[in-house]
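Asker: Got a structure for you, questions after.
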Protein chains: 2
Amino acid sequence: MPGPDAARALRKDAAANRERLLRAASELFAQRGLDVTLNDIARYAGVGVGTAYRRFANKEEVIDALFEERMTQVEQVAREAAEDPDSWSGLLHFLEGALDLQHGDRGLTQMMNNPVLGDARVAEVRDRIAPLVTVLVERAKAEGVVRPDLDQTDLIFVQLALSAVMDRTRGLAPDLYRRYLTVFLDGIRTDRGTFTPLPVPPLTAYETHEAMTRASRRRPG
Amino acid sequence: MPGPDAARALRKDAAANRERLLRAASELFAQRGLDVTLNDIARYAGVGVGTAYRRFANKEEVIDALFEERMTQVEQVAREAAEDPDSWSGLLHFLEGALDLQHGDRGLTQMMNNPVLGDARVAEVRDRIAPLVTVLVERAKAEGVVRPDLDQTDLIFVQLALSAVMDRTRGLAPDLYRRYLTVFLDGIRTDRGTFTPLPVPPLTAYETHEAMTRASRRRPG
DNA sequence: CACTAACCGGATAGCAAATATCCGCTTGAC
DNA sequence: GTCAAGCGGATATTTGCTATCCGGTTAGTG
């Protein structure tokens, strides 16, 4: 009885189904977040539930299989940002880029903000990304383009804060969060003569009420 | 068969138990959020489950009974803020006050940010508070102390964003959110010569990892 | 083509957690 | 003293997800 995915070549159809499952999971996670069911994923993939469970022991294994590639995207953004010769635009690039990824993928937000996976797995990725963020912030501080009391960890929490807005306004004004990103940036930049124009109009009072009144997820935070 | 709480005087012991239940609910909601069970509440109140269900048809009815007084606190803060002769300090007072209330009451955050109650109920409260916020923002804009593209609805979303941080760091650095409130305020104030010192130290990298790695609730969001 | 190990679908068993009821016993109020 | 009102808490019900099982199908090989 080989556990799911013992390291042995799968039959062609099985391998194909595994791929369909991963693609389906990827889409569903992006649209609806990580709490879709493995059964949902199977149905969406056009495959029996049994097949899903034969290929993956449980949902976490599916998440794990997608975790790497998603986090690599984030790492990529951080790396580009850290390599930007202009430290301010690097910072900008990182925050905008990371948030934009989450913007297109609800599951990614949950992967980044929740303990969905084993500590070890998460720690490994963090150890790859954290140093880049440190560079980003320290460099900007050294050059005096941002407030001196800014900390690397602040970027994490800002991202967390803004993703809460994103989540609430998804499907109504999905990029409203960019208003607050802009305000935040104006709050940390040294050379702010005049305000950076807000890139997105505010919601009307009615729309705001709509947004706050919609069901969340079930749950998420 | 009178439904729970038909408008008829309760026997003395019954009335007392109702009070104990409400007090228990208030504390549990504050500590653990709205998703505690009616059974939890009964146990905490030192009362049988049956008693709880005799007094309230379900948890929502308990929330509803507490909703009013909680929201009145928020309204109070908004009113004080709107009456502050200094429009900037009014704004400050509102945001700090509202967030501080949430700081001490996890359930309140959920009441404010989630559709836990009927639309009608929420709409009524909103109609009482929204005008005050409008005054606050419009006045500050008119006096030129904040950026002209600030909108009243922005205060709502900032509060939402910061409460996400608060929720994540509760029990580790419960007032970390004040860092980001300060940055936000620096991002909207016109007369910022120098940065407002951040009122709270950042988390260490390790603490940040801790915070992001802890279980959320079940979920919320 | 014949054969079989691998694979498939999806009904359904299992499980967990919350909700809500029921009923025999107790107590406040008149 | 009487009894409607109230009490406790074991337990039935519900809900929604997780995971298995098994009869039927198919890829791959000689």
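Here's how to read the names in the structure tokens: chain A, B, ... by the order shown, residue numbers from 1 in each chain, ligand numbers from 1 in the order shown.
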I need the chain B residues near chain D as an NGL selection string; criterion: at most 10 Å, counting only C-alpha atoms (C1' of nucleotides).
Answerer: :B and (10-11 or 13-14 or 47-51 or 54)
Asker: Quick check: residues of chain B within 6 Å of chain A, only C-alpha atoms, returned as a list of chain:residue names.
Answerer: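 The answer, sorted by residue number, is B:Asn113, B:Pro115, B:Ala161, B:Leu162, B:Ala164, B:Val165, B:Val183, B:Phe184, B:Asp186, B:Gly187, B:Met212, B:Thr213, B:Arg219, B:Pro220, B:Gly221.
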Asker: Go ahead and write the selection's residues with all heavy atoms as an mmCIF file, in the first residue's frame.
Answerer:
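Saved file out_4.cif follows:
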```
data_model
loop_
_atom_site.group_PDB
_atom_site.id
_atom_site.type_symbol
_atom_site.label_atom_id
_atom_site.label_comp_id
_atom_site.auth_asym_id
_atom_site.auth_seq_id
_atom_site.Cartn_x
_atom_site.Cartn_y
_atom_site.Cartn_z
ATOM 1 N N ASN B 113 -16.797 44.971 12.116
ATOM 2 C CA ASN B 113 -16.238 44.616 10.814
ATOM 3 C C ASN B 113 -16.942 43.481 10.105
ATOM 4 O O ASN B 113 -16.604 43.162 8.979
ATOM 5 C CB ASN B 113 -14.763 44.246 10.956
ATOM 6 C CG ASN B 113 -13.933 45.403 11.434
ATOM 7 O OD1 ASN B 113 -14.366 46.551 11.355
ATOM 8 N ND2 ASN B 113 -12.757 45.123 11.930
ATOM 9 N N PRO B 115 -20.631 41.171 9.229
ATOM 10 C CA PRO B 115 -22.091 41.207 9.160
ATOM 11 C C PRO B 115 -22.674 40.211 10.145
ATOM 12 O O PRO B 115 -23.316 39.248 9.782
ATOM 13 C CB PRO B 115 -22.373 40.777 7.722
ATOM 14 C CG PRO B 115 -21.217 39.904 7.349
ATOM 15 C CD PRO B 115 -20.052 40.368 8.158
ATOM 16 N N ALA B 161 -8.241 48.000 8.760
ATOM 17 C CA ALA B 161 -6.872 47.552 8.520
ATOM 18 C C ALA B 161 -6.117 47.372 9.833
ATOM 19 O O ALA B 161 -5.477 46.332 10.067
ATOM 20 C CB ALA B 161 -6.149 48.548 7.626
ATOM 21 N N LEU B 162 -6.235 48.359 10.698
ATOM 22 C CA LEU B 162 -5.478 48.286 11.943
ATOM 23 C C LEU B 162 -6.014 47.221 12.879
ATOM 24 O O LEU B 162 -5.259 46.612 13.638
ATOM 25 C CB LEU B 162 -5.461 49.651 12.626
ATOM 26 C CG LEU B 162 -4.742 50.735 11.827
ATOM 27 C CD1 LEU B 162 -4.694 52.030 12.603
ATOM 28 C CD2 LEU B 162 -3.337 50.294 11.435
ATOM 29 N N ALA B 164 -6.924 44.435 12.038
ATOM 30 C CA ALA B 164 -6.323 43.166 11.615
ATOM 31 C C ALA B 164 -4.975 42.972 12.297
ATOM 32 O O ALA B 164 -4.632 41.881 12.758
ATOM 33 C CB ALA B 164 -6.159 43.131 10.090
ATOM 34 N N VAL B 165 -4.212 44.034 12.388
ATOM 35 C CA VAL B 165 -2.935 43.961 13.084
ATOM 36 C C VAL B 165 -3.170 43.667 14.569
ATOM 37 O O VAL B 165 -2.538 42.790 15.153
ATOM 38 C CB VAL B 165 -2.146 45.277 12.939
ATOM 39 C CG1 VAL B 165 -0.894 45.247 13.802
ATOM 40 C CG2 VAL B 165 -1.790 45.523 11.487
ATOM 41 N N VAL B 183 1.773 56.148 11.751
ATOM 42 C CA VAL B 183 2.249 56.325 10.376
ATOM 43 C C VAL B 183 1.121 56.819 9.480
ATOM 44 O O VAL B 183 1.299 57.737 8.676
ATOM 45 C CB VAL B 183 2.828 55.005 9.815
ATOM 46 C CG1 VAL B 183 3.143 55.168 8.338
ATOM 47 C CG2 VAL B 183 4.076 54.600 10.588
ATOM 48 N N PHE B 184 -0.034 56.218 9.657
ATOM 49 C CA PHE B 184 -1.179 56.651 8.851
ATOM 50 C C PHE B 184 -1.470 58.130 9.071
ATOM 51 O O PHE B 184 -1.650 58.892 8.113
ATOM 52 C CB PHE B 184 -2.409 55.819 9.201
ATOM 53 C CG PHE B 184 -3.669 56.309 8.560
ATOM 54 C CD1 PHE B 184 -3.928 56.037 7.219
ATOM 55 C CD2 PHE B 184 -4.597 57.065 9.270
ATOM 56 C CE1 PHE B 184 -5.081 56.497 6.608
ATOM 57 C CE2 PHE B 184 -5.754 57.539 8.666
ATOM 58 C CZ PHE B 184 -5.995 57.251 7.330
ATOM 59 N N ASP B 186 0.529 60.420 10.094
ATOM 60 C CA ASP B 186 1.572 61.213 9.435
ATOM 61 C C ASP B 186 1.340 61.269 7.923
ATOM 62 O O ASP B 186 1.800 62.192 7.255
ATOM 63 C CB ASP B 186 2.955 60.622 9.729
ATOM 64 C CG ASP B 186 3.528 61.142 11.061
ATOM 65 O OD1 ASP B 186 2.865 61.968 11.717
ATOM 66 O OD2 ASP B 186 4.642 60.722 11.438
ATOM 67 N N GLY B 187 0.645 60.275 7.426
ATOM 68 C CA GLY B 187 0.376 60.235 5.988
ATOM 69 C C GLY B 187 -0.789 61.106 5.558
ATOM 70 O O GLY B 187 -0.988 61.336 4.361
ATOM 71 N N MET B 212 2.776 35.785 13.353
ATOM 72 C CA MET B 212 2.198 35.318 12.099
ATOM 73 C C MET B 212 1.960 33.819 12.101
ATOM 74 O O MET B 212 1.277 33.294 11.231
ATOM 75 C CB MET B 212 3.118 35.677 10.931
ATOM 76 C CG MET B 212 3.459 37.141 10.831
ATOM 77 S SD MET B 212 2.011 38.213 10.684
ATOM 78 C CE MET B 212 1.632 38.007 8.936
ATOM 79 N N THR B 213 2.500 33.164 13.078
ATOM 80 C CA THR B 213 2.475 31.707 13.085
ATOM 81 C C THR B 213 1.414 31.154 14.021
ATOM 82 O O THR B 213 1.061 29.985 13.969
ATOM 83 C CB THR B 213 3.893 31.224 13.493
ATOM 84 O OG1 THR B 213 4.657 31.033 12.313
ATOM 85 C CG2 THR B 213 3.845 29.945 14.295
ATOM 86 N N ARG B 219 -10.579 30.883 12.204
ATOM 87 C CA ARG B 219 -10.722 31.557 11.162
ATOM 88 C C ARG B 219 -10.807 32.483 11.363
ATOM 89 O O ARG B 219 -11.714 33.053 11.586
ATOM 90 C CB ARG B 219 -11.153 31.266 10.408
ATOM 91 C CG ARG B 219 -11.029 30.654 9.778
ATOM 92 C CD ARG B 219 -11.075 30.302 10.228
ATOM 93 N NE ARG B 219 -11.189 29.597 9.821
ATOM 94 C CZ ARG B 219 -10.831 29.856 9.517
ATOM 95 N NH1 ARG B 219 -11.213 30.038 9.651
ATOM 96 N NH2 ARG B 219 -11.031 29.743 8.685
ATOM 97 N N PRO B 220 -11.466 34.738 11.371
ATOM 98 C CA PRO B 220 -11.623 35.612 10.949
ATOM 99 C C PRO B 220 -11.442 36.744 10.525
ATOM 100 O O PRO B 220 -11.378 36.733 10.814
ATOM 101 C CB PRO B 220 -11.887 36.057 11.334
ATOM 102 C CG PRO B 220 -11.817 35.725 11.770
ATOM 103 C CD PRO B 220 -11.389 34.977 11.782
ATOM 104 N N GLY B 221 -11.689 36.165 10.662
ATOM 105 C CA GLY B 221 -11.622 37.413 10.076
ATOM 106 C C GLY B 221 -12.029 38.549 10.577
ATOM 107 O O GLY B 221 -12.352 39.162 11.047
#
```
Asker: Quick one: of B:Thr37, B:Ala15, B:Ala30, B:Glu96, who's nearest to chain C, counting only C-alpha atoms (C1' of nucleotides)?
Answerer: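 Nearest to chain C: B:Thr37.
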Asker: Where in region 34-100 of chain B does DSSP assign helix (DSSP H, G or I), given as a VMD selection string?
Answerer: chain B and resid 38 to 45 49 to 55 59 to 83 87 to 100
Asker: Could you save those same residues with C-alpha atoms as a PDB file, in the first residue's frame?
Answerer:
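Result went into out01.pdb, see below:
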```
ATOM      1  CA  LEU B  38     -24.047  29.736  23.906  1.00  0.00           C
ATOM      2  CA  ASN B  39     -23.061  26.669  25.913  1.00  0.00           C
ATOM      3  CA  ASP B  40     -19.741  28.298  26.763  1.00  0.00           C
ATOM      4  CA  ILE B  41     -21.545  31.371  27.922  1.00  0.00           C
ATOM      5  CA  ALA B  42     -23.892  29.353  30.110  1.00  0.00           C
ATOM      6  CA  ARG B  43     -21.046  27.447  31.702  1.00  0.00           C
ATOM      7  CA  TYR B  44     -19.092  30.644  32.301  1.00  0.00           C
ATOM      8  CA  ALA B  45     -22.163  32.223  33.835  1.00  0.00           C
ATOM      9  CA  VAL B  49     -27.442  25.427  29.033  1.00  0.00           C
ATOM     10  CA  GLY B  50     -31.173  25.036  29.193  1.00  0.00           C
ATOM     11  CA  THR B  51     -31.443  28.296  31.042  1.00  0.00           C
ATOM     12  CA  ALA B  52     -29.464  30.042  28.388  1.00  0.00           C
ATOM     13  CA  TYR B  53     -31.686  28.749  25.611  1.00  0.00           C
ATOM     14  CA  ARG B  54     -34.805  29.572  27.567  1.00  0.00           C
ATOM     15  CA  ARG B  55     -33.694  33.160  27.857  1.00  0.00           C
ATOM     16  CA  LYS B  59     -26.434  33.392  20.221  1.00  0.00           C
ATOM     17  CA  GLU B  60     -27.428  36.129  17.843  1.00  0.00           C
ATOM     18  CA  GLU B  61     -30.044  37.303  20.270  1.00  0.00           C
ATOM     19  CA  VAL B  62     -27.378  37.638  22.936  1.00  0.00           C
ATOM     20  CA  ILE B  63     -25.150  39.604  20.621  1.00  0.00           C
ATOM     21  CA  ASP B  64     -28.064  41.778  19.714  1.00  0.00           C
ATOM     22  CA  ALA B  65     -28.725  42.504  23.357  1.00  0.00           C
ATOM     23  CA  LEU B  66     -25.156  43.705  23.795  1.00  0.00           C
ATOM     24  CA  PHE B  67     -24.796  45.384  20.432  1.00  0.00           C
ATOM     25  CA  GLU B  68     -26.576  48.540  21.416  1.00  0.00           C
ATOM     26  CA  GLU B  69     -24.476  49.399  24.455  1.00  0.00           C
ATOM     27  CA  ARG B  70     -21.237  48.647  22.673  1.00  0.00           C
ATOM     28  CA  MET B  71     -22.121  50.758  19.707  1.00  0.00           C
ATOM     29  CA  THR B  72     -23.219  53.530  21.962  1.00  0.00           C
ATOM     30  CA  GLN B  73     -19.685  53.636  23.291  1.00  0.00           C
ATOM     31  CA  VAL B  74     -18.379  54.055  19.784  1.00  0.00           C
ATOM     32  CA  GLU B  75     -20.956  56.710  19.074  1.00  0.00           C
ATOM     33  CA  GLN B  76     -19.910  58.489  22.235  1.00  0.00           C
ATOM     34  CA  VAL B  77     -16.307  58.568  21.105  1.00  0.00           C
ATOM     35  CA  ALA B  78     -17.331  59.888  17.717  1.00  0.00           C
ATOM     36  CA  ARG B  79     -19.475  62.559  19.293  1.00  0.00           C
ATOM     37  CA  GLU B  80     -16.735  63.763  21.586  1.00  0.00           C
ATOM     38  CA  ALA B  81     -14.406  63.827  18.632  1.00  0.00           C
ATOM     39  CA  ALA B  82     -16.826  65.800  16.512  1.00  0.00           C
ATOM     40  CA  GLU B  83     -17.235  68.319  19.293  1.00  0.00           C
ATOM     41  CA  SER B  87     -10.318  69.339  14.287  1.00  0.00           C
ATOM     42  CA  TRP B  88      -7.038  67.476  14.171  1.00  0.00           C
ATOM     43  CA  SER B  89      -7.208  66.346  17.736  1.00  0.00           C
ATOM     44  CA  GLY B  90     -10.819  65.383  17.121  1.00  0.00           C
ATOM     45  CA  LEU B  91      -9.757  63.088  14.341  1.00  0.00           C
ATOM     46  CA  LEU B  92      -7.037  61.663  16.510  1.00  0.00           C
ATOM     47  CA  HIS B  93      -9.443  61.173  19.353  1.00  0.00           C
ATOM     48  CA  PHE B  94     -11.895  59.306  17.188  1.00  0.00           C
ATOM     49  CA  LEU B  95      -9.430  56.869  15.720  1.00  0.00           C
ATOM     50  CA  GLU B  96      -7.585  56.281  18.952  1.00  0.00           C
ATOM     51  CA  GLY B  97     -10.783  55.972  20.896  1.00  0.00           C
ATOM     52  CA  ALA B  98     -12.518  53.588  18.535  1.00  0.00           C
ATOM     53  CA  LEU B  99      -9.455  51.416  18.250  1.00  0.00           C
ATOM     54  CA  ASP B 100      -8.898  51.458  21.958  1.00  0.00           C
TER      55      ASP B 100
END
```
Asker: Find the residue from B:Ala57, B:Ala24, B:Gln31, B:Glu138 that sits nearest to chain C; use only C-alpha atoms (C1' of nucleotides) when measuring.
Answerer: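 Ranked by minimum distance to chain C, first place goes to B:Ala57.
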Asker: Compute the chain C side of the contact with chain B at 12 Å, counting only C-alpha atoms (C1' of nucleotides), and hand it back as a ChimeraX atom specification.
Answerer: /C:17-23,27-29
Asker: Output C-alpha atoms (C1' of nucleotides) of each residue in that selection to a file, as a short mmCIF file (atom, residue, chain, number, x, y, z; two decimals), in the first residue's frame.
Answerer:
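Writing done, so here's selection.cif:
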```cif
data_model
loop_
_atom_site.label_atom_id
_atom_site.label_comp_id
_atom_site.auth_asym_id
_atom_site.auth_seq_id
_atom_site.Cartn_x
_atom_site.Cartn_y
_atom_site.Cartn_z
"C1'" DA C 17 -18.42 20.73 16.72
"C1'" DA C 18 -22.19 23.48 17.37
"C1'" DT C 19 -27.17 23.99 18.09
"C1'" DA C 20 -31.24 23.13 20.42
"C1'" DT C 21 -34.58 20.25 23.06
"C1'" DC C 22 -36.56 17.54 26.59
"C1'" DC C 23 -37.88 16.17 31.05
"C1'" DT C 27 -38.27 27.27 43.76
"C1'" DG C 28 -40.38 31.93 43.84
"C1'" DA C 29 -44.71 34.18 44.38
#
```
Asker: In Å, rounded to a single decimal, give me how far CA of His103 (chain A) is from CA of Asp191 (chain A).
Answerer: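 These atoms are spaced 28.7 Å apart.
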Asker: Separation of CA of Ala25 (chain B) and CA of Met111 (chain B), in Å?
Answerer: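 Separating CA of Ala25 (chain B) from CA of Met111 (chain B) is a distance of 13.8 Å.
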